[in-house]
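Source file: structure.txt. Holds: compact mmCIF, C-alpha atoms.
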```txt
# COMPACT_ATOMS: atom_id res chain seq x y z
CA LEU Y 1 66.52 -5.26 -9.70
CA GLN Y 2 66.84 -8.31 -7.50
CA ASN Y 3 65.77 -6.52 -4.32
CA LEU Y 4 62.91 -4.02 -4.82
CA SER Y 5 63.22 -2.78 -1.24
CA HIS Y 6 66.23 -0.65 -2.32
CA LEU Y 7 64.21 1.21 -4.97
CA GLN Y 8 63.12 4.73 -4.04
CA LEU Y 9 59.79 4.89 -5.87
CA PRO Y 10 57.08 7.50 -5.26
CA LEU Y 11 54.19 5.76 -3.49
CA PRO Y 12 51.40 6.68 -6.03
CA LEU Y 13 53.44 5.19 -8.89
CA LEU Y 14 54.05 1.77 -7.36
CA PRO Y 15 51.01 0.00 -8.94
CA LEU Y 16 51.63 1.52 -12.39
CA PRO Y 17 53.68 -0.10 -15.17
CA LEU Y 18 57.07 1.44 -15.84
CA PRO Y 19 57.45 3.31 -19.17
CA CYS Y 20 59.90 1.81 -21.58
CA ASN Y 21 62.21 4.86 -21.53
CA CYS Y 22 62.59 5.17 -17.74
CA LYS Y 23 66.17 5.47 -16.52
CA LEU Y 24 67.86 3.94 -13.48
CA GLN Y 25 69.98 6.61 -11.81
CA PRO Y 26 72.15 6.39 -8.67
CA THR Y 27 71.52 8.81 -5.83
CA ALA Y 28 74.01 10.51 -3.55
CA THR Y 29 74.08 7.41 -1.34
CA GLN Y 30 74.55 5.16 -4.40
CA SER Y 31 71.11 3.53 -3.93
CA PRO Y 32 69.27 3.21 -7.25
CA SER Y 33 66.19 5.32 -8.06
CA ILE Y 34 63.97 5.57 -11.11
CA SER Y 35 63.25 8.83 -12.98
CA PHE Y 36 60.29 9.15 -15.34
CA PRO Y 37 59.88 11.46 -18.31
CA LEU Y 38 57.47 14.37 -17.92
CA SER Y 39 55.06 12.85 -20.47
CA TYR Y 40 54.48 9.92 -18.10
CA TYR Y 41 52.97 12.16 -15.42
CA ILE Y 42 50.82 13.97 -18.04
CA LEU Y 43 49.52 10.99 -20.00
CA MET Y 44 48.74 8.46 -17.26
CA PRO Y 45 45.75 10.37 -15.72
CA LYS Y 46 44.37 10.95 -19.23
CA MET Y 47 44.70 7.25 -20.04
CA LYS Y 48 42.68 6.34 -16.92
CA GLN Y 49 39.88 8.71 -17.92
CA MET Y 50 39.90 7.35 -21.49
CA LYS Y 51 39.62 3.81 -20.13
CA PHE Y 52 36.57 4.72 -18.01
CA TRP Y 53 34.71 6.58 -20.78
CA THR Y 54 35.50 3.77 -23.20
CA SER Y 55 33.83 1.33 -20.79
CA VAL Y 56 30.77 3.58 -20.52
CA PHE Y 57 30.54 3.79 -24.31
CA LEU Y 58 30.78 0.00 -24.69
CA VAL Y 59 27.99 -0.51 -22.12
CA MET Y 60 25.69 1.91 -23.97
CA ALA Y 61 26.55 0.43 -27.37
CA THR Y 62 25.77 -3.08 -26.13
CA ALA Y 63 22.46 -1.93 -24.63
CA THR Y 64 21.49 -0.17 -27.88
CA THR Y 65 22.28 -3.24 -29.98
CA THR Y 66 20.20 -5.39 -27.64
CA ALA Y 67 17.30 -2.94 -27.91
CA LYS Y 68 17.34 -3.06 -31.70
CA ALA Y 69 17.25 -6.84 -31.66
CA GLU Y 70 14.37 -6.77 -29.15
CA VAL Y 71 12.41 -4.33 -31.30
CA SER Y 72 12.88 -6.53 -34.37
CA ARG Y 73 11.67 -9.56 -32.42
CA LEU Y 74 8.62 -7.97 -30.81
CA ASP Y 75 7.60 -5.62 -33.63
CA PRO Y 76 8.90 -6.93 -36.98
CA ILE Y 77 6.87 -4.39 -38.95
CA PRO Y 78 8.66 -0.99 -39.01
CA ARG Y 79 6.69 1.69 -37.16
CA THR Y 80 5.68 4.82 -39.00
CA ARG Y 81 3.67 7.72 -37.68
CA ALA Y 82 0.04 7.06 -38.59
CA PRO Y 83 -2.82 9.57 -38.70
CA PRO Y 84 -4.92 9.79 -35.50
CA PHE Y 85 -7.69 7.63 -37.00
CA THR Y 86 -8.82 5.98 -40.19
CA LYS Y 87 -12.43 5.74 -41.32
CA ARG Y 88 -13.76 2.63 -43.04
CA GLY Y 89 -17.35 3.09 -43.97
CA SER Y 90 -19.17 4.19 -40.82
CA VAL Y 91 -16.57 2.72 -38.40
CA VAL Y 92 -13.73 4.87 -37.05
CA HIS Y 93 -10.53 2.95 -36.21
CA TYR Y 94 -8.18 4.71 -33.74
CA ASN Y 95 -4.47 4.23 -34.37
CA VAL Y 96 -1.89 3.37 -31.73
CA GLY Y 97 0.13 6.34 -30.55
CA SER Y 98 -2.37 9.11 -31.20
CA LEU Y 99 -3.80 11.37 -28.54
CA ASP Y 100 -7.23 10.03 -29.52
CA LEU Y 101 -6.17 6.60 -28.26
CA ALA Y 102 -5.17 7.99 -24.86
CA GLN Y 103 -8.45 9.87 -24.61
CA ARG Y 104 -10.36 6.74 -25.60
CA ILE Y 105 -8.67 4.65 -22.92
CA ARG Y 106 -9.35 7.29 -20.25
CA ALA Y 107 -13.00 7.31 -21.32
CA GLY Y 108 -13.17 3.58 -20.52
CA SER Y 109 -13.76 2.20 -24.01
CA ASP Y 110 -12.17 -1.00 -25.23
CA GLU Y 111 -8.47 -0.85 -25.96
CA PRO Y 112 -7.60 -1.74 -29.57
CA GLN Y 113 -5.09 -4.44 -30.38
CA THR Y 114 -1.54 -3.10 -30.18
CA PRO Y 115 1.88 -4.55 -31.08
CA THR Y 116 3.64 -6.31 -28.22
CA ALA Y 117 6.42 -3.70 -28.14
CA LEU Y 118 3.94 -0.83 -27.57
CA ARG Y 119 2.05 -0.23 -24.33
CA PRO Y 120 -0.40 2.70 -24.05
CA ILE Y 121 -0.57 4.39 -20.65
CA THR Y 122 -3.13 6.69 -19.07
CA THR Y 123 -2.44 10.23 -17.96
CA LYS Y 124 -2.78 9.17 -14.33
CA THR Y 125 -0.09 6.51 -14.74
CA ALA Y 126 2.19 8.91 -16.60
CA VAL Y 127 1.90 11.55 -13.88
CA GLY Y 128 2.52 8.97 -11.14
CA LEU Y 129 5.69 7.71 -12.80
CA GLY Y 130 6.75 11.29 -13.50
CA MET Y 131 6.43 12.17 -9.81
CA LEU Y 132 8.48 9.12 -8.82
CA LEU Y 133 11.23 10.00 -11.29
CA ALA Y 134 11.13 13.65 -10.24
CA LEU Y 135 11.69 12.52 -6.64
CA ASN Y 136 14.63 10.45 -7.80
CA SER Y 137 16.05 13.33 -9.83
CA GLY Y 138 15.76 15.62 -6.81
CA ILE Y 139 17.80 13.16 -4.75
CA VAL Y 140 20.55 12.86 -7.36
CA ASN Y 141 20.67 16.62 -7.88
CA GLY Y 142 20.78 17.23 -4.13
CA VAL Y 143 23.69 14.82 -3.72
CA THR Y 144 25.82 16.54 -6.39
CA LEU Y 145 24.82 20.07 -5.32
CA SER Y 146 25.23 19.66 -1.54
CA GLY Y 147 28.99 19.14 -1.62
CA LEU Y 148 28.75 16.37 0.97
CA LEU Y 149 30.54 13.80 -1.20
CA GLN Y 150 33.28 16.10 -2.53
CA PRO Y 151 33.99 19.85 -2.43
CA THR Y 152 32.62 20.78 -5.87
CA LYS Y 153 28.96 21.84 -5.75
CA GLN Y 154 27.22 21.46 -9.11
CA ALA Y 155 23.65 20.74 -10.17
CA SER Y 156 23.24 17.62 -12.30
CA ALA Y 157 19.49 17.89 -13.05
CA ALA Y 158 19.68 21.28 -14.78
CA VAL Y 159 22.28 23.24 -16.71
CA THR Y 160 20.85 26.77 -16.69
CA GLY Y 161 23.53 27.94 -14.28
CA ALA Y 162 26.23 26.01 -16.15
CA TRP Y 163 25.56 28.04 -19.32
CA THR Y 164 26.19 31.33 -17.48
CA ASN Y 165 29.13 30.02 -15.45
CA SER Y 166 30.85 28.73 -18.56
CA ALA Y 167 30.41 32.12 -20.20
CA LEU Y 168 31.80 33.89 -17.11
CA GLY Y 169 34.76 31.52 -17.07
CA ALA Y 170 35.52 32.27 -20.71
CA ALA Y 171 35.17 36.04 -20.16
CA SER Y 172 37.40 36.08 -17.07
CA GLY Y 173 40.03 33.76 -18.51
CA ASN Y 174 39.30 31.02 -15.97
CA SER Y 175 39.77 28.00 -18.23
CA ASP Y 176 38.98 25.47 -15.47
CA GLN Y 177 35.60 27.09 -14.76
CA PHE Y 178 34.78 27.23 -18.45
CA ALA Y 179 35.82 23.62 -19.13
CA PHE Y 180 34.00 22.19 -16.09
CA ASN Y 181 30.68 23.89 -16.86
CA ALA Y 182 30.97 23.12 -20.56
CA LYS Y 183 31.38 19.44 -19.68
CA CYS Y 184 28.21 19.62 -17.54
CA ILE Y 185 26.27 21.07 -20.49
CA VAL Y 186 27.61 18.50 -22.94
CA SER Y 187 26.91 15.64 -20.48
CA TYR Y 188 23.28 16.63 -19.97
CA CYS Y 189 22.79 17.08 -23.71
CA PHE Y 190 24.47 13.74 -24.37
CA GLY Y 191 21.98 12.04 -22.05
CA SER Y 192 19.09 13.49 -24.06
CA LEU Y 193 20.84 12.34 -27.23
CA ILE Y 194 20.92 8.77 -25.91
CA SER Y 195 17.19 8.92 -25.15
CA GLY Y 196 16.40 10.21 -28.62
CA PHE Y 197 18.66 7.62 -30.21
CA VAL Y 198 17.05 4.61 -28.53
CA ASN Y 199 13.53 5.99 -29.04
CA PRO Y 200 13.61 7.98 -32.32
CA THR Y 201 9.84 7.93 -32.96
CA PRO Y 202 8.11 8.53 -29.60
CA GLU Y 203 4.34 8.43 -29.42
CA PRO Y 204 2.43 10.48 -26.81
CA PHE Y 205 1.22 8.31 -23.92
CA VAL Y 206 2.53 5.13 -25.56
CA ILE Y 207 5.57 3.29 -24.20
CA SER Y 208 7.90 1.53 -26.59
CA VAL Y 209 8.96 -1.24 -24.23
CA PRO Y 210 12.42 -2.05 -25.68
CA SER Y 211 13.36 1.62 -26.10
CA VAL Y 212 12.24 2.77 -22.67
CA ARG Y 213 13.74 -0.29 -21.02
CA THR Y 214 17.09 0.32 -22.72
CA ALA Y 215 17.12 3.98 -21.66
CA LEU Y 216 16.39 3.05 -18.04
CA PHE Y 217 19.04 0.32 -18.01
CA VAL Y 218 21.65 2.73 -19.38
CA GLY Y 219 20.65 5.31 -16.75
CA SER Y 220 20.93 2.65 -14.04
CA ALA Y 221 24.44 1.71 -15.21
CA LEU Y 222 25.48 5.38 -15.26
CA LEU Y 223 24.26 6.11 -11.73
CA PHE Y 224 25.92 2.93 -10.48
CA ALA Y 225 29.18 4.07 -12.09
CA ALA Y 226 28.77 7.55 -10.58
CA GLY Y 227 28.36 6.08 -7.11
CA ARG Y 228 31.49 3.97 -7.53
CA MET Y 229 33.53 6.92 -8.80
CA VAL Y 230 33.04 9.11 -5.71
CA GLY Y 231 36.19 9.36 -3.64
CA LYS Y 232 38.62 8.29 -6.36
CA ASP Y 233 41.44 10.81 -6.76
CA ASP Y 234 41.53 10.55 -10.54
CA ALA Y 235 37.75 11.07 -10.89
CA THR Y 236 36.84 13.53 -8.13
CA ARG Y 237 34.37 15.55 -10.22
CA ASP Y 238 33.70 13.14 -13.06
CA TYR Y 239 30.81 11.52 -11.20
CA ILE Y 240 28.86 14.78 -11.64
CA PHE Y 241 29.12 14.46 -15.42
CA VAL Y 242 27.90 10.86 -15.30
CA ALA Y 243 24.95 11.84 -13.08
CA ALA Y 244 24.12 14.65 -15.52
CA ILE Y 245 23.98 12.15 -18.39
CA ALA Y 246 21.52 10.00 -16.41
CA ASN Y 247 19.32 13.01 -15.63
CA GLY Y 248 19.40 14.03 -19.29
CA ILE Y 249 18.15 10.59 -20.28
CA GLN Y 250 15.35 10.72 -17.70
CA ASN Y 251 14.13 14.23 -18.57
CA SER Y 252 14.08 13.53 -22.30
CA LEU Y 253 12.35 10.19 -21.80
CA THR Y 254 9.54 11.56 -19.65
CA SER Y 255 9.07 14.67 -21.82
CA THR Y 256 8.74 12.80 -25.12
CA THR Y 257 6.55 10.05 -23.66
CA THR Y 258 4.02 12.50 -22.16
CA ALA Y 259 4.07 15.25 -24.82
CA ASN Y 260 5.95 17.56 -22.38
CA LEU Y 261 3.35 17.10 -19.65
CA CYS Y 262 5.85 15.48 -17.24
CA ARG Y 263 9.34 16.96 -17.29
CA SER Y 264 11.01 15.23 -14.37
CA ALA Y 265 14.45 16.85 -14.09
CA HIS Y 266 14.70 20.44 -15.37
CA PHE Y 267 12.26 22.70 -13.50
CA SER Y 268 12.95 26.20 -14.82
CA GLY Y 269 10.27 25.90 -17.50
CA ILE Y 270 7.81 24.21 -15.15
CA THR Y 271 8.23 27.03 -12.60
CA SER Y 272 7.44 29.58 -15.30
CA ASP Y 273 4.39 27.59 -16.43
CA ILE Y 274 3.09 27.35 -12.86
CA GLY Y 275 3.11 31.12 -12.56
CA THR Y 276 1.54 31.57 -16.00
CA PHE Y 277 -1.28 29.08 -15.41
CA ALA Y 278 -1.92 30.40 -11.89
CA GLY Y 279 -2.36 33.89 -13.30
CA GLN Y 280 -4.78 32.56 -15.91
CA VAL Y 281 -6.84 30.77 -13.26
CA LEU Y 282 -7.03 33.92 -11.16
CA ARG Y 283 -8.59 35.67 -14.15
CA GLY Y 284 -11.15 32.89 -14.64
CA ASN Y 285 -9.39 30.93 -17.41
CA LYS Y 286 -9.28 27.34 -16.15
CA GLN Y 287 -8.24 25.73 -19.43
CA ASN Y 288 -4.79 24.78 -18.03
CA LEU Y 289 -5.95 24.01 -14.48
CA ILE Y 290 -5.09 20.30 -14.84
CA LYS Y 291 -1.58 21.13 -16.08
CA LEU Y 292 -1.16 23.50 -13.15
CA LYS Y 293 -1.98 20.70 -10.70
CA VAL Y 294 0.38 18.28 -12.48
CA PHE Y 295 3.27 20.76 -12.52
CA CYS Y 296 2.78 21.58 -8.83
CA ALA Y 297 2.86 17.85 -8.00
CA LEU Y 298 6.05 17.35 -10.04
CA GLY Y 299 7.71 20.36 -8.43
CA LEU Y 300 6.78 19.18 -4.93
CA SER Y 301 8.20 15.71 -5.71
CA PHE Y 302 11.48 17.22 -6.94
CA TRP Y 303 11.72 19.47 -3.85
CA THR Y 304 11.03 16.49 -1.57
CA GLY Y 305 13.85 14.54 -3.22
CA GLY Y 306 16.23 17.42 -2.57
CA TYR Y 307 15.07 17.62 1.05
CA PHE Y 308 15.77 13.95 1.75
CA SER Y 309 19.02 13.94 -0.25
CA TYR Y 310 20.82 15.80 2.55
CA SER Y 311 20.18 13.21 5.25
CA LEU Y 312 20.66 10.34 2.80
CA ALA Y 313 24.03 11.65 1.63
CA LYS Y 314 25.21 12.22 5.20
CA ARG Y 315 24.22 8.71 6.26
CA PHE Y 316 24.86 6.57 3.18
CA GLU Y 317 27.32 8.84 1.30
CA ALA Y 318 27.96 7.57 -2.25
CA SER Y 319 25.58 4.64 -1.78
CA THR Y 320 22.71 7.11 -2.18
CA LEU Y 321 23.36 7.10 -5.91
CA LEU Y 322 23.19 3.31 -5.88
CA PHE Y 323 19.61 3.54 -4.55
CA SER Y 324 18.69 5.72 -7.54
CA SER Y 325 20.43 3.25 -9.84
CA PHE Y 326 18.36 0.42 -8.36
CA LEU Y 327 15.14 2.40 -8.96
CA TYR Y 328 15.99 2.74 -12.66
CA LEU Y 329 16.73 -0.98 -12.82
CA VAL Y 330 13.40 -1.93 -11.22
CA LEU Y 331 11.42 0.41 -13.50
CA GLY Y 332 13.23 -1.02 -16.51
CA LEU Y 333 12.26 -4.55 -15.54
CA LEU Y 334 8.63 -3.60 -14.84
CA VAL Y 335 8.09 -1.27 -17.80
CA GLY Y 336 6.52 -4.02 -19.91
CA GLY Y 337 3.75 -4.46 -17.39
CA VAL Y 338 2.77 -0.80 -17.06
```
Written form, structure tokens:
Amino acid sequence: LQNLSHLQLPLPLLPLPLPCNCKLQPTATQSPSISFPLSYYILMPKMKQMKFWTSVFLVMATATTTAKAEVSRLDPIPRTRAPPFTKRGSVVHYNVGSLDLAQRIRAGSDEPQTPTALRPITTKTAVGLGMLLALNSGIVNGVTLSGLLQPTKQASAAVTGAWTNSALGAASGNSDQFAFNAKCIVSYCFGSLISGFVNPTPEPFVISVPSVRTALFVGSALLFAAGRMVGKDDATRDYIFVAAIANGIQNSLTSTTTANLCRSAHFSGITSDIGTFAGQVLRGNKQNLIKLKVFCALGLSFWTGGYFSYSLAKRFEASTLLFSSFLYLVLGLLVGGV
């Protein structure tokens, strides 16, 4: 093979290594050409996908290990769920992580001493952050659902439709439809699994700084990877799965931190609650009026994100996902000061 210019190689295979059992065969004009076994064309795309998902797994494993070390450094005493308060004589001591603590802070009383790794937040702060993340989720979902970046239109912030579409694919014998929607479901669930893994003992209205920071950093890395994957022939639709993982992390994180007050990605349940609470208010029951206002604000933020996603995707294309990645990164860096 002294002169490669005489080789008749298919253009997409030029940058790839040659398999060990490839054969050099002469053509009708006696110029050499290379033939590859069928397994080469089948295995090479799978190997590329395995390499990418292995890199994602290593990033998440490294972030999780770092979080555990940070927790041990900031909070050496293992956390266990304590009762809402303990009474010593005539003095009542409120425990970190209970709803009584959040109510006490909102009432303006002195905040008790807390471990460095734990930061209590008020309802107002939680709702504000939830609205910001809902806006971000609406942008990401709009980008994947609009079809502006690639032909497949699929929601990444909710999987209600994916459950039905996967069932229809299985019933009709459309294996591609079934597999694609099943991957969307598994990706979203996997994102929630990551959130639960890094923060196994969430406390309402209390932020575990290392856990929340790790979850946001992992989400930032995933959205950055999704933005870089758009337009690659071997990963045309894979970026949707990665975006679904990030949205799963976000929705689980906001739900567990706020006792399901702020769900910032999946809005089927919130839409149902808005109707339920509105009906109660019309009949004079204003017990859930505050929740109704919060859910309406979250829904409006999500809708606004979807509205702006169209113009952002048309102008910035895949870089729109990089903006969302940067937002996660900034929130992760600032979470200790909330």
**OP:** State, in Å with one decimal place, the distance from atom CA of Ala158 of chain Y to atom CA of Tyr188 of chain Y.
**Re:** 7.8 Å
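Take atom CA of Ser252 of chain Y and atom CA of Thr276 of chain Y: the distance between them is 22.9 Å.
For the pair atom CA of Cys184 of chain Y and atom CA of Gly130 of chain Y, the interatomic distance is 23.4 Å.
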Original post:
Between Y:Ser166, Y:Asn199, Y:Thr152, Y:Thr144, which one has atoms that come closest to Ala318 of chain Y, using only C-alpha atoms?
Top reply: Y:Thr144
Original post:
Restricting the calculation to all atoms listed in the file, which member of Y:Gln287, Y:Ser211, Y:Thr236, Y:Ser264 is positioned closest to Gly147 of chain Y?
Top reply: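 That would be Y:Thr236, the residue with the smallest distance to Gly147 of chain Y.
Counting only C-alpha atoms, the residue from Y:Leu300, Y:Leu223, Y:Leu253, Y:Val127 that sits nearest to Phe197 of chain Y is Y:Leu253.
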Original post:
Hey, which of Y:Val186, Y:Ala265, Y:Ile270, Y:Leu312 ends up closest to Ser146 of chain Y? Count only C-alpha atoms.
Top reply: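 Looking only at the distances to Ser146 of chain Y, the closest residue turns out to be Y:Leu312.
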**OP:** Would you kindly return, as a count of residues only, each protein, DNA or RNA residue with an atom no farther than 9 Å from any atom of Ala134 of chain Y, considering all atoms listed in the file and excluding same-chain residues fewer than 3 positions away?
**Re:** 18
